[in-house]
Structures are given as C-alpha cells and as structure tokens.
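What follows is one structure encoded as structure tokens, with my remarks underneath.
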Amino acid sequence: LKPPTLFTGFTIHYMMMIATRRQLIRKLAGKRPTTSYIAFHNNTRWLSISVVDFKNVAVKEQDRTTRSIVTITTNERNNASMENISDIASKIESLHHGKLEDLEVREIARTLNTLAHSIHKDDLGKINLLKRGELSWKLVNKVLAEDGAFDTNGDELSAIPIEKDSLQINYSICHDAIKCLAQSQNKQLYDRADHLVGIIEEYFLQTKSNNLYPIGRSYALLLDYLRNFRLSDDEIIEKVQELLERASRQEDAGNKSVEVNHHIYNAALNTLASRADSSPSAVLLIQEMIEKEGAPLDHISFSLAIKSILSSKSWAEMGSIDGTTGSTTSIVERLLLAMDQLKLKPSQKTMTPILDALSKRGKVDQILLLIDWMEDMYQSHGWSDIRPNKIHFNTFISALAKTNAVDSGIQAMKILEKMKHLHRSGNNEEVQPDLVTCNAVLNAISKEGNPNDSKKSKSARDMCERAESLLQKMEEGGEGSHIVPDLVSYNSVLSAYMNDTSPDVATKVEELLHRMTQRDVAPDLLSYTICINTFARSKTSGSAQKAEDLLRVLEKSYAEGNEDLKPDMRCYNSVIHAWARSSEDGALSQANKILKEMKLLRESGERPDLILDAISYTSIISALTRVSNKKDPESVRLLDDMMSMVRNEVHESNVDSGVYNALIHAQVHSGDIGAAEKAERLLLSMLTSNDSLAVRPNTITFNTVIDAWSKSNEPKGAARAEKLLKTMQKLHEEGYPDVRPDTYSFASVLNAYANSNNPKSARKAEDILKHMQTLYEEGNDNVKPNTICFSTVIKAYSRHQTKDAGERGEDILKLMFEVYSKGNSDAKPNTIAFTSVCNAWSKSGERQAIKKIEDLMKWMTQLSEDGLIDVYPNEFTYNSLLTAVSRNKDPNKATKALDTLRFMQSDRRVKINSFTYTNVLNACAYTHGTPNVVNTALRIAIIVLEEAIENTEPDDRLNILFGAFFQACSNLMPLEKDKAKIEKVVEAVFYKCCDRGQVDAKLLSQVRKACSTQLFLRMFGDSKSFPNLKINDIPDSWKKNVK
C-alpha cells in the first residue's frame, strides 16, 4: 500500500476481496471525500483509485510501460456521448488478436456497460441506435475472438469452446451487447443478438457454467424488439414461440438467471398484440398463453390479451375467438373471471380500455351486452369497481363520436336509451343521463361520416333532423328537468348543419342562432364561425351578405370590449369565400374589399394578428379563374390588383407558393393577351425573391407557365417553354429543393413544339423525347416517358406534312414499342399513337403512303387479336387511310375509297362520321381519267352523299361535306347531254344544305363552280349583289348551324 493510509470504514482485506473494479467504484462513490490513494500491484499492472467527492470516482490503470487505456469517471459515464464511446471502441479494436489482457477485457466490459445503461435508447435517434449496436458488436467480438468463438475473417460467430479452462467472456459482457444489438432497430444486428444468445445457451447446457449463461432479460429484450421488423405474421408468431421454448429449456436445465416470469411473458404478449389486427393466429396464441395453467400473469398480461381480442378486425369478422366459444365479448368475460380467480380483481382501469376499444370499433351491441354482464358481476361477485355508471356510458359515446362512423349518432342514441332504461328500472342510480351525456350524443350525431357521396345530402339532412329533435326535447325538458341545453349543445347542432347542403340550411342555422339568444345562451366565437361558414357554403341569394353581417356583429362586440368575440382569420376568410362564390353583381369586388380591410387593420396596428394567408387570396383568385367573361375589364383589373397585392405582401403575410401558383393559373386562364408572358414574369419574381422560402416556385409553378406557353399559339412559345424547362433542370442540379422537371414538364414542351408552325419543330420535339428517355434510363424516374409523350412527337411530324413525316413517325412508334417491351408500362402503344403515324403518312405525299397505312392497320389488328386491345383501328385511323387515298393519283381511287367505306360499315367497332364521308367525296372530286372513270367517280359521290345525309345528325359539320360534293360536281361535270340531270341534283342538294343551315362562304364559291350560269341566276338572281354574291346576302336561316 502506497501510501499506507486507509479509507474510513475500509480494511485492506475487504478491499482486496472486491471482485471487480465496478464494485469498487460503487463502494467508494458513497464514501466521504478524502485525499488518500491506494495502489494495488498485481504482476505488471497498477490500479490507482482516488475518491474526489461523493459522486466522482476517477479510476486509472496502467502497466509498467505506462500504457494507458481510457479513464471514465462516474460523472463522465452519465454524460457519455457516442463520439467518446466510438473513440474508445476504436482504440480497443486496434489491439491485436490474441494479446487481449485482463485490463483490456475490463475496459471492454466497462464500455459495453456504458453503452447499454448510461446512454438511454430514448435519447438516441435511429442512426445512433444503429451506431450503438454496431459498436457493441465490435467490442463483444473482440472478446469472443480471444475465446475462439468468433472468426475475424468471416465476421461470424461460432460455438464457444467447452474445453477451455477459463474464458474472457462472461454473462455481463454478453447481456450488455445483446441489449444494444436488440435495440438497434436493425434486423441484421438483432439476428446477431439472437445468435449470441443461442451459442451461450448451448454452452450453458453443456457446461452448467457459473460465469457464462443466458439471463432472462435477454429473452425479454429479444421478444420486445421483435415487433420492430417487417416480418410476416406467421414469422412473428413462430419466433415468439421459439424464444419462449428456449427460455423454458434454460429454466428446466437449472439456469437460475432465467425464469419465464411475467416480464418475459408480457414481452411475448406485447409483440403478438402488435399483430392482432391482421392475424387471428396471433390472437389465438395470446388466448392460449393466457389460459395456460400456471402462466405468470399480472394485470398487464390480461390487459394486453383483452385489448388484442377487441382490436382484431380479422378476429371480429370470424365472430369468435376459436370458432366455438362464442362472441369476443364472451371471451372477454371469461378472461375477466380468470383474473378474479388469480386474485387480480378487475377494476375501472381494466374495464375502461376494454369499453373504449369496443366503442372505437362501433360494437354497440357488444358494449350493451358487456354492460349487462358488468352489472351481473356486481350483483353476483360484488365487483363494485366495475359497476356501470354514467362515466362509462359517456366514455362510450365520446369514443363513438371519434370513429366518424356512418351510424355513430344512431348508436349513441342506443346507449342513451340503455342508460334511461337502467335508471328507470331502479337498479342503478349511477347511470342517470346528464347534460354531459346528451351533449356527447349530439356530438356523435354531428360527426357522423358518410362514404357514399350520392346519398350525402339525404344523410346530412337526416342527421340534422335527429340532432334538432334531441335538442328540442332537451329544451322542452323531455330528457329530464335537470338537463338544460347549454352552449355546447347548440354548437353541436350547428356543427351538424355544416354537413347539410340543402338550399334552406342557411335559414335553419339563422333560426338556431336566434333560438340561442332567446334562451339566454350567448353564442361564442365558434357559434358565429360555424354560421358564417354555413352562409359561405350556401348558394342561396343573399347568403354572402348575411355572412358579412355576422362578421360585422363580431367586429362591433370586439370593439365594445368583448375579447371572446374577437373575429379571427377563419371568420374573415369565410366571408371572403362567401363573396367569391356568389354570383351576385359586384361580389368579387366586395370580396376584394374585405381583403383590403384586413390589410388596413393590420397595417394600422389595430389587428396585427390578421396576417393575410393563402386562403385569403386563393378564394378570390380561384373565383377569377372560374369567371365566365374572362376578358371583362373588372375581372382583369381585379386580377392585376391581386398580383400587385401578393407581390407587396409577400414579406408581411403568410403567402406561399400555392398562392402564386393559383395566381399564375388564373393569369394563364384569363384569356388576356400576353397571359403567358405575364405568368412567366410572376414566376421570375418568385425566383428573385430571396426573403421568403415560402414563395419559392416549385415544379407545379414551372409546369403551369410551360403549359401556358405551349398553348399560347405565339411564334416563340415553344422556345420559351423549352427555356423554362432548362431553367428547371439547372435549378435542380444546383440543389433547388422544390423544382425538378417531371414527365408533365417535358410533355408540355413537346406539345408546344407539336403545335408550332416552325418546320424544324418536329425534329426538335424528337430530340427532347430522346433526351427524356436518356434521363429515365440513367435512373430519373420523374421524367418517365409515357404514351402521351411519344404520341405528341408523332403528332408533330404529322402536322408539318413533310416527305419524311411518315417514316419519322413510324420510327418513333417503333421506339415506343422498344421502351414498352423493356418494362415501361406508361409508354404502352395505343390507337392514338398508331393513328398519328397513319396521319403522318397520309399527309406526306409519298406514293407508298397507302401501303404503309394498310400495313400499320394490319399490325394493329394483329396486336389487338394478340391481346393488346388498345390498338384496334378506329374511324380516325380509317380516315387517315381515306385521306391518303384521296391525295393519291390513282384513277381508281374513288372506287378504293368506296370499298374502304364499305369495310368500315361492316365493322361494328368503327363509328363512321361526317369526315369519313367527306374523305370519300374528296377522293371522287379529284379523280382524273377516262370518261368512264370520271362518271364512276361522280356516281359514287352521289351515292355517298345520300348515305351521308341519311346517317349524320343535323348538328354535324355538314358544310364541309356538302362543299366536297359540290367540288366533285364541279370537277366531274359530264357531257352536255347529262348536265341537266346533274344540275338538278346540285340544286336539290343546295336547298337541302340551306334547310340544315350549313351554308358558308366557301360553300357558296363551290356551288358557283358546280352550277351553270342559268342555274346560278335561277337560285340567286334575286340577290342585290348578284353576281358578286356574298355570305351576308343570304338568309340567316341558311347559315345558322355553321361551325
């Protein structure tokens, strides 16, 4: 001993017998301060201990070469950080295998103990729990490797050698590591903890060691944290059973540290309970465990079991627990009786969660049965703690209200009637309904849900009538003289009216508000807010003004000193919404006026809490988007006013990107000249606003403006849309969080180029599509090309009528099939894509166009027969073929067009329209050849026109159809001997066209060419402007249906 000074109350002998340094620290930590030092010499190691104060014991260990490990004081243990522990673990891990001395083993034990006990898992996030588990794994493996139970190369555990006389590892080190591993929330580390317990089990079974054995807490940990992982129900059940069996085997083998007690049992029950909702087998195992003779049960065990049974939806659907023992309620009764037999008397704490669980499931009939059983148990067993009382019933009703079930109010009324019946019978005075009960019923009625929208209106009206009926009964004393409706009662009924969409709901709410004041029940802010909101939703004329009138009542009351009636943002926003929805003259201006009033109140300092928010603005902005006359000067002025206010208020209000998006959307749909330009300027102002992250543009903002340019029909619209797309890409690459191009962004740009008149736009669209595909192949799922994207590019080629349009379009179609075959289901080819290619060929002017289209149609038919039903040729596909036929120079094209028409008529899946007939007439009109060929074409034209008139509707675009016929007559006029007959046909058809109101300027020109001078004079000679006939010279009835 150096120096030979002893601590008070210690002897040298006692200190030498302390088994571990941890015990020594604990002993010294409770002693009074001293400056004495004790040094133990053991071979080459020294142990120096100093007691500094009651809670700070510093311990240092070193060998003769002054090799220092790490010192952790008691205070440091309490404040240990993951960084400090990690440093310690790194130093220990750096020690070479096979050279671990007792000193290092003790350091590992102490570090693991600190990890397991000084750093609580609730203070760690998921990442640190994982790090804690990984550190513990490294530390315990260092010791296991010394004992030959760990392969450092393969990172695998193996059996602990039983032939070794002494081991470095002990139960304490193992349990601390197991705790950290099990709590790591990582399945791999959890499995390592399970494996570690397993090899310790085998070691104990073979050696009956007093130093290394499993302990009960390890099993409880494994059971408790098993539920954290995404395992199937069957896997969970199997693992729980396995762990319980392993613990029982250890207990039977004489391991005094393992006893299958209520801690282990409840951990198993808790994990099974987590699967009760989805697995009947889990609930069945819980039942078996609870009913097992001699099972270590306590109140928690029964609560877990009962809660599992009641919360299991799958169990409830089966109607019983094992199919033979009756309802779930009867099982609960049986378990409660079992509690009583174990001297675990059921109490209010036991029953309340049970009844609450039944209420949340809406099992009112089972609740009422259980209530009767509780009363019977009171009568037969004297269980006074569970006798039904009004608190129980009020709890049921409140829980029912929270379910928002369709019939929650009806079920609540059942419970109310049960209470009244029990009270009238005289058996239980504690169940007399009170005001709280009736208010709970009204609340349950007001919160009834209705998933069926088609019956919503009727259901809401029925709900309001039931709430109103109960309230009136309370007002008249029908529920008892002690029950007088209060503010809560009236507000509940008002809340019920919020779901009513009938025309007179505003009147009903107004009457109810008046009744409140008559009965000296002063409405509060909630009452007024509900009424204002109801008026805001009403479509009845004058509702918006009534909402504003109530707002003025609140403003006046607040000005007179009533702080409780201070109108808040909900009130103002509801009034703005009321005016914004109103169709009355000046409604939008009035909404804007309220908005400006709020702004002035805040700026004056009178109401600093009135901070304009997204709802304040979007109600008016959305109304401006809906307005019918979009070019109305007042609407344009209001929209500009909104834009100015939003820009100026961005620093002082709760304006967010949603408001800007709505404003941009309204601007785009305003119909104003330069709307896309204005929308882009607003977008750019958001980009340059560095003061508020809330108004930063997002993907929706960019997409709205890109879409505006794509539909603007401006010459540079496509280029401006593409420029914005590139800006999105750049911002995303720079780390801008809310901006990322998506499929819609690219599709809008593609559509812009498809609508462009630039002859190079189709190739530009194709380049963008291929860039999009490249991004997708590189892993960007946000820009996944879809059917619309491919079809739009094909449409771009078909629109420009270039010679290579058909070929380029077909290449895009083949690429589409290639992408679809590789797994992109969004790029599924369809009829529209094929038809667009056919259309491109039909306008290409290529000689091979007809054959190409016919080949494509055969391919479509084959694909459809093979199961790809979305690619069957339709009338638009055939119209493309007819267009190609009509443009072909084949002298027999009229006959071919007629054959195509007949084939279409034989296919019931194809609907023939006026464009079909027009295409056939065009084929006839531009036929050139011998007199026989020309006469055949003219006869076909007459036949087809007769069919068209018979098979089309009066509102079809027949002016084009009639015009094509007159063009055919003009081009195919026969020899002089047959002209008279044809002119009679022309005259008759023209008057038929007049009867249908389908005469336009072009048709007049075509008629003039088809008529002789005599016929034209006979038909139009009375016109003042003859022979220079103009469209305004003909009667209005002749042109009334022209589109």
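Each chain in the structure tokens gets a letter, A, B and so on, in the order shown; residues start at 1 in every chain, and ligands are counted from 1 in the order they appear.
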- Query: Within 8 Å of Asp356 of chain A, counting only C-alpha atoms, which residues qualify if same-chain residues fewer than 6 places away don't, as a list in words?
  - Reply: Thr395, Phe396 and Ala399 of chain A
- DSSP on the backbone, then: every residue of segment 642-855 of chain A marked alpha helix (DSSP H), written as an MDAnalysis selection string. chainID A and resid 642:649 657:668 675:687 699:710 717:733 743:754 761:777 787:800 805:821 831:842 849:855
- So which one's closest to Ser748 of chain A, A:Gly717, A:Gly929, A:Pro388, A:Gly409? Using only C-alpha atoms, please.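 Ranked by minimum distance to Ser748 of chain A, first place goes to A:Gly717.
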- If we count only C-alpha atoms, what is near segment 375-383 of chain A at a cut-off of 12 Å, once residues fewer than 4 positions away on the same chain are taken out, given as a PyMOL selection string? chain A and resi 333-334+336-337+340-341+344-348+351+368-371+387-389+422+427-428+430-431
- Query: Between atom CA of Ala666 of chain A and atom CA of Ile611 of chain A, what is the distance, to one decimal in Å?
  - Reply: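 These atoms are spaced 22.8 Å apart.
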- Message: Calculated over only C-alpha atoms, which of the candidates A:Ala267, A:Val793, A:Leu285, A:Leu898 has the smallest distance to Ser301 of chain A?
- Response: A:Ala267
- Item | Polymer residues at most 10 Å from Asn533 of chain A, only C-alpha atoms, same-chain spacing of 4 or more positions, as a ChimeraX atom specification | /A:498,506,528-529,537-538,544,547,570-575,577-578
- To one decimal in Å, tell me the separation between atom CA of Thr743 of chain A and atom CA of Ser657 of chain A.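 Here the two named atoms are 20.8 Å from each other.
Put simply, atom CA of Glu875 of chain A is 22.8 Å away from atom CA of Phe817 of chain A.
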- Within 10 Å of Pro503 of chain A, counting only C-alpha atoms, which residues show up once you throw out same-chain ones fewer than 2 positions away? Write them as a list in words, please.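 Near neighbours after the sequence-gap exclusion: Asp500, Thr501, Val505, Ala506, Thr507, Lys508, Ser538, Lys539 and Thr540 of chain A.
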Selection file, all heavy atoms, as an mmCIF file, in the first residue's frame:
data_model
loop_
_atom_site.group_PDB
_atom_site.id
_atom_site.type_symbol
_atom_site.label_atom_id
_atom_site.label_comp_id
_atom_site.auth_asym_id
_atom_site.auth_seq_id
_atom_site.Cartn_x
_atom_site.Cartn_y
_atom_site.Cartn_z
ATOM 1 N N ASP A 500 -74.784 19.830 -44.034
ATOM 2 C CA ASP A 500 -76.017 19.872 -44.818
ATOM 3 C C ASP A 500 -75.819 20.769 -46.041
ATOM 4 O O ASP A 500 -75.314 21.888 -45.929
ATOM 5 C CB ASP A 500 -77.154 20.408 -43.942
ATOM 6 C CG ASP A 500 -78.518 20.186 -44.583
ATOM 7 O OD1 ASP A 500 -78.558 19.654 -45.708
ATOM 8 O OD2 ASP A 500 -79.532 20.554 -43.962
ATOM 9 N N THR A 501 -76.201 20.273 -47.198
ATOM 10 C CA THR A 501 -76.050 21.054 -48.431
ATOM 11 C C THR A 501 -77.403 21.457 -49.016
ATOM 12 O O THR A 501 -77.464 21.952 -50.147
ATOM 13 C CB THR A 501 -75.280 20.238 -49.482
ATOM 14 O OG1 THR A 501 -75.959 19.000 -49.717
ATOM 15 C CG2 THR A 501 -73.857 19.963 -49.023
ATOM 16 N N VAL A 505 -80.448 25.426 -45.645
ATOM 17 C CA VAL A 505 -79.597 25.226 -44.473
ATOM 18 C C VAL A 505 -79.211 26.555 -43.824
ATOM 19 O O VAL A 505 -79.129 26.664 -42.595
ATOM 20 C CB VAL A 505 -78.334 24.412 -44.853
ATOM 21 C CG1 VAL A 505 -77.472 25.167 -45.867
ATOM 22 C CG2 VAL A 505 -77.514 24.083 -43.618
ATOM 23 N N ALA A 506 -79.007 27.583 -44.633
ATOM 24 C CA ALA A 506 -78.650 28.886 -44.074
ATOM 25 C C ALA A 506 -79.778 29.426 -43.198
ATOM 26 O O ALA A 506 -79.543 29.994 -42.124
ATOM 27 C CB ALA A 506 -78.322 29.867 -45.196
ATOM 28 N N THR A 507 -81.013 29.208 -43.649
ATOM 29 C CA THR A 507 -82.174 29.655 -42.869
ATOM 30 C C THR A 507 -82.259 28.903 -41.551
ATOM 31 O O THR A 507 -82.532 29.486 -40.489
ATOM 32 C CB THR A 507 -83.463 29.442 -43.681
ATOM 33 O OG1 THR A 507 -83.355 30.116 -44.932
ATOM 34 C CG2 THR A 507 -84.675 29.968 -42.928
ATOM 35 N N LYS A 508 -82.012 27.589 -41.590
ATOM 36 C CA LYS A 508 -82.049 26.763 -40.375
ATOM 37 C C LYS A 508 -81.012 27.244 -39.363
ATOM 38 O O LYS A 508 -81.289 27.344 -38.157
ATOM 39 C CB LYS A 508 -81.778 25.303 -40.732
ATOM 40 C CG LYS A 508 -82.842 24.654 -41.586
ATOM 41 C CD LYS A 508 -84.029 24.236 -40.759
ATOM 42 C CE LYS A 508 -85.012 23.422 -41.578
ATOM 43 N NZ LYS A 508 -86.216 23.054 -40.776
ATOM 44 N N SER A 538 -73.456 28.316 -48.721
ATOM 45 C CA SER A 538 -74.801 28.330 -49.281
ATOM 46 C C SER A 538 -74.819 29.016 -50.646
ATOM 47 O O SER A 538 -74.099 29.982 -50.887
ATOM 48 C CB SER A 538 -75.752 29.063 -48.325
ATOM 49 O OG SER A 538 -77.032 29.191 -48.899
ATOM 50 N N LYS A 539 -75.652 28.505 -51.533
ATOM 51 C CA LYS A 539 -75.798 29.093 -52.862
ATOM 52 C C LYS A 539 -77.029 29.997 -52.938
ATOM 53 O O LYS A 539 -77.355 30.526 -53.996
ATOM 54 C CB LYS A 539 -75.907 27.982 -53.909
ATOM 55 C CG LYS A 539 -74.656 27.120 -54.015
ATOM 56 C CD LYS A 539 -74.824 26.030 -55.063
ATOM 57 C CE LYS A 539 -73.580 25.155 -55.143
ATOM 58 N NZ LYS A 539 -73.735 24.062 -56.143
ATOM 59 N N THR A 540 -77.699 30.160 -51.800
ATOM 60 C CA THR A 540 -78.893 30.987 -51.758
ATOM 61 C C THR A 540 -78.521 32.449 -51.909
ATOM 62 O O THR A 540 -77.535 32.922 -51.332
ATOM 63 C CB THR A 540 -79.645 30.778 -50.435
ATOM 64 O OG1 THR A 540 -79.879 29.378 -50.251
ATOM 65 C CG2 THR A 540 -80.960 31.521 -50.426
#
Determine, counting only C-alpha atoms, which protein, DNA and RNA residues have an atom within 12 Å of an atom of Ser248 of chain A; residues of the same chain fewer than 6 positions away are not included. Present the result as a compact mmCIF listing (two decimals) with all heavy atoms, in the first residue's frame.
# COMPACT_ATOMS: atom_id res chain seq x y z
N GLU A 201 -26.58 -20.26 -24.83
CA GLU A 201 -27.49 -21.32 -24.38
C GLU A 201 -26.81 -22.69 -24.49
O GLU A 201 -26.82 -23.49 -23.54
CB GLU A 201 -28.77 -21.32 -25.23
CG GLU A 201 -29.71 -20.17 -24.96
CD GLU A 201 -30.86 -20.15 -25.95
OE1 GLU A 201 -30.76 -20.83 -27.01
OE2 GLU A 201 -31.84 -19.45 -25.69
N PRO A 214 -27.14 -17.56 -20.24
CA PRO A 214 -28.16 -16.58 -20.63
C PRO A 214 -28.88 -16.05 -19.40
O PRO A 214 -28.96 -16.73 -18.37
CB PRO A 214 -29.12 -17.38 -21.51
CG PRO A 214 -28.43 -18.66 -21.82
CD PRO A 214 -27.49 -18.92 -20.69
N ILE A 215 -29.41 -14.85 -19.50
CA ILE A 215 -30.22 -14.30 -18.41
C ILE A 215 -31.60 -13.96 -18.97
O ILE A 215 -31.77 -13.73 -20.16
CB ILE A 215 -29.57 -13.08 -17.75
CG1 ILE A 215 -29.41 -11.94 -18.77
CG2 ILE A 215 -28.23 -13.44 -17.14
CD1 ILE A 215 -28.90 -10.65 -18.14
N GLY A 216 -32.58 -13.91 -18.08
CA GLY A 216 -33.96 -13.72 -18.50
C GLY A 216 -34.19 -12.42 -19.25
O GLY A 216 -35.00 -12.36 -20.19
N TYR A 219 -33.94 -12.59 -23.09
CA TYR A 219 -35.11 -13.11 -23.78
C TYR A 219 -36.22 -12.06 -23.87
O TYR A 219 -36.90 -11.92 -24.89
CB TYR A 219 -35.64 -14.36 -23.08
CG TYR A 219 -34.69 -15.53 -23.16
CD1 TYR A 219 -33.86 -15.85 -22.09
CD2 TYR A 219 -34.62 -16.31 -24.31
CE1 TYR A 219 -32.98 -16.92 -22.16
CE2 TYR A 219 -33.75 -17.38 -24.39
CZ TYR A 219 -32.92 -17.67 -23.30
OH TYR A 219 -32.05 -18.72 -23.40
N GLN A 241 -42.85 -18.10 -30.24
CA GLN A 241 -42.93 -19.45 -29.68
C GLN A 241 -41.53 -20.05 -29.47
O GLN A 241 -41.26 -20.68 -28.45
CB GLN A 241 -43.75 -20.35 -30.60
CG GLN A 241 -45.24 -20.00 -30.62
CD GLN A 241 -46.01 -20.82 -31.63
OE1 GLN A 241 -45.57 -21.01 -32.76
NE2 GLN A 241 -47.17 -21.31 -31.22
N GLU A 242 -40.65 -19.81 -30.43
CA GLU A 242 -39.29 -20.34 -30.32
C GLU A 242 -38.56 -19.75 -29.12
O GLU A 242 -37.93 -20.47 -28.33
CB GLU A 242 -38.52 -20.02 -31.60
CG GLU A 242 -37.05 -20.45 -31.56
CD GLU A 242 -36.21 -19.73 -32.59
OE1 GLU A 242 -36.68 -19.53 -33.72
OE2 GLU A 242 -35.07 -19.36 -32.25
N GLY A 254 -31.82 -25.71 -15.15
CA GLY A 254 -31.22 -25.26 -13.90
C GLY A 254 -30.56 -23.89 -13.96
O GLY A 254 -29.84 -23.51 -13.04
N ASN A 255 -30.81 -23.15 -15.03
CA ASN A 255 -30.27 -21.79 -15.12
C ASN A 255 -31.10 -20.88 -14.23
O ASN A 255 -32.22 -20.52 -14.56
CB ASN A 255 -30.30 -21.31 -16.58
CG ASN A 255 -29.62 -19.96 -16.76
OD1 ASN A 255 -29.32 -19.27 -15.80
ND2 ASN A 255 -29.39 -19.59 -18.01
N LYS A 256 -30.50 -20.51 -13.09
CA LYS A 256 -31.24 -19.72 -12.10
C LYS A 256 -31.47 -18.28 -12.56
O LYS A 256 -32.26 -17.56 -11.95
CB LYS A 256 -30.49 -19.74 -10.77
CG LYS A 256 -30.41 -21.13 -10.16
CD LYS A 256 -29.66 -21.10 -8.84
CE LYS A 256 -29.57 -22.50 -8.22
NZ LYS A 256 -28.83 -22.49 -6.95
N SER A 257 -30.77 -17.86 -13.61
CA SER A 257 -30.94 -16.49 -14.10
C SER A 257 -32.04 -16.39 -15.15
O SER A 257 -32.30 -15.31 -15.68
CB SER A 257 -29.62 -15.98 -14.71
OG SER A 257 -28.64 -15.87 -13.70
N VAL A 258 -32.63 -17.51 -15.50
CA VAL A 258 -33.72 -17.50 -16.47
C VAL A 258 -34.96 -18.10 -15.83
O VAL A 258 -34.96 -19.27 -15.45
CB VAL A 258 -33.36 -18.29 -17.75
CG1 VAL A 258 -34.55 -18.30 -18.70
CG2 VAL A 258 -32.14 -17.69 -18.43
N GLU A 259 -35.96 -17.29 -15.73
CA GLU A 259 -37.27 -17.74 -15.24
C GLU A 259 -38.31 -17.12 -16.15
O GLU A 259 -38.32 -15.91 -16.38
CB GLU A 259 -37.51 -17.27 -13.80
CG GLU A 259 -38.87 -17.66 -13.28
CD GLU A 259 -39.16 -17.03 -11.92
OE1 GLU A 259 -38.28 -16.32 -11.39
OE2 GLU A 259 -40.27 -17.22 -11.42
N VAL A 260 -39.15 -17.94 -16.72
CA VAL A 260 -40.20 -17.42 -17.61
C VAL A 260 -41.24 -16.75 -16.73
O VAL A 260 -42.27 -17.33 -16.37
CB VAL A 260 -40.82 -18.54 -18.46
CG1 VAL A 260 -41.87 -17.96 -19.42
CG2 VAL A 260 -39.75 -19.27 -19.25
N ASN A 261 -40.95 -15.49 -16.37
CA ASN A 261 -41.82 -14.74 -15.47
C ASN A 261 -42.71 -13.79 -16.28
O ASN A 261 -42.74 -13.82 -17.51
CB ASN A 261 -40.97 -13.96 -14.47
CG ASN A 261 -39.94 -13.08 -15.15
OD1 ASN A 261 -40.09 -12.74 -16.34
ND2 ASN A 261 -38.89 -12.75 -14.45
N ILE A 264 -40.98 -11.67 -19.22
CA ILE A 264 -40.81 -12.37 -20.49
C ILE A 264 -42.16 -12.64 -21.14
O ILE A 264 -42.35 -12.43 -22.34
CB ILE A 264 -40.04 -13.69 -20.28
CG1 ILE A 264 -38.59 -13.40 -19.84
CG2 ILE A 264 -40.06 -14.54 -21.55
CD1 ILE A 264 -37.78 -14.63 -19.53
N TYR A 265 -43.11 -13.04 -20.33
CA TYR A 265 -44.43 -13.39 -20.84
C TYR A 265 -45.12 -12.17 -21.45
O TYR A 265 -45.68 -12.22 -22.55
CB TYR A 265 -45.27 -13.95 -19.69
CG TYR A 265 -46.12 -15.14 -20.09
CD1 TYR A 265 -45.51 -16.34 -20.46
CD2 TYR A 265 -47.49 -15.07 -20.08
CE1 TYR A 265 -46.28 -17.44 -20.81
CE2 TYR A 265 -48.28 -16.16 -20.42
CZ TYR A 265 -47.66 -17.35 -20.79
OH TYR A 265 -48.41 -18.44 -21.15
N ALA A 295 -49.46 -20.05 -15.91
CA ALA A 295 -48.78 -18.98 -16.64
C ALA A 295 -48.53 -17.79 -15.71
O ALA A 295 -49.38 -17.46 -14.88
CB ALA A 295 -49.64 -18.54 -17.82
- Message: Set the distance at 10 Å and use only C-alpha atoms: which residues neighbour Asn113 of chain A once local chain neighbours fewer than 6 positions away are removed? I'd like the list as a ChimeraX atom specification.
- Response: /A:77,107,119,136,172-173,175-177,179-180
- Determine the nearest neighbour of Ala496 of chain A from the options A:Lys711, A:Lys447, A:Lys1039, A:His514, counting only C-alpha atoms.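 Of A:Lys711, A:Lys447, A:Lys1039, A:His514, the one nearest Ala496 of chain A is A:Lys447, counting only C-alpha atoms.
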- Shortest contact to Cys924 of chain A, candidates A:Glu950, A:Asp564, A:Asp707, A:Asp890, atoms counted only C-alpha atoms, goes to A:Asp890
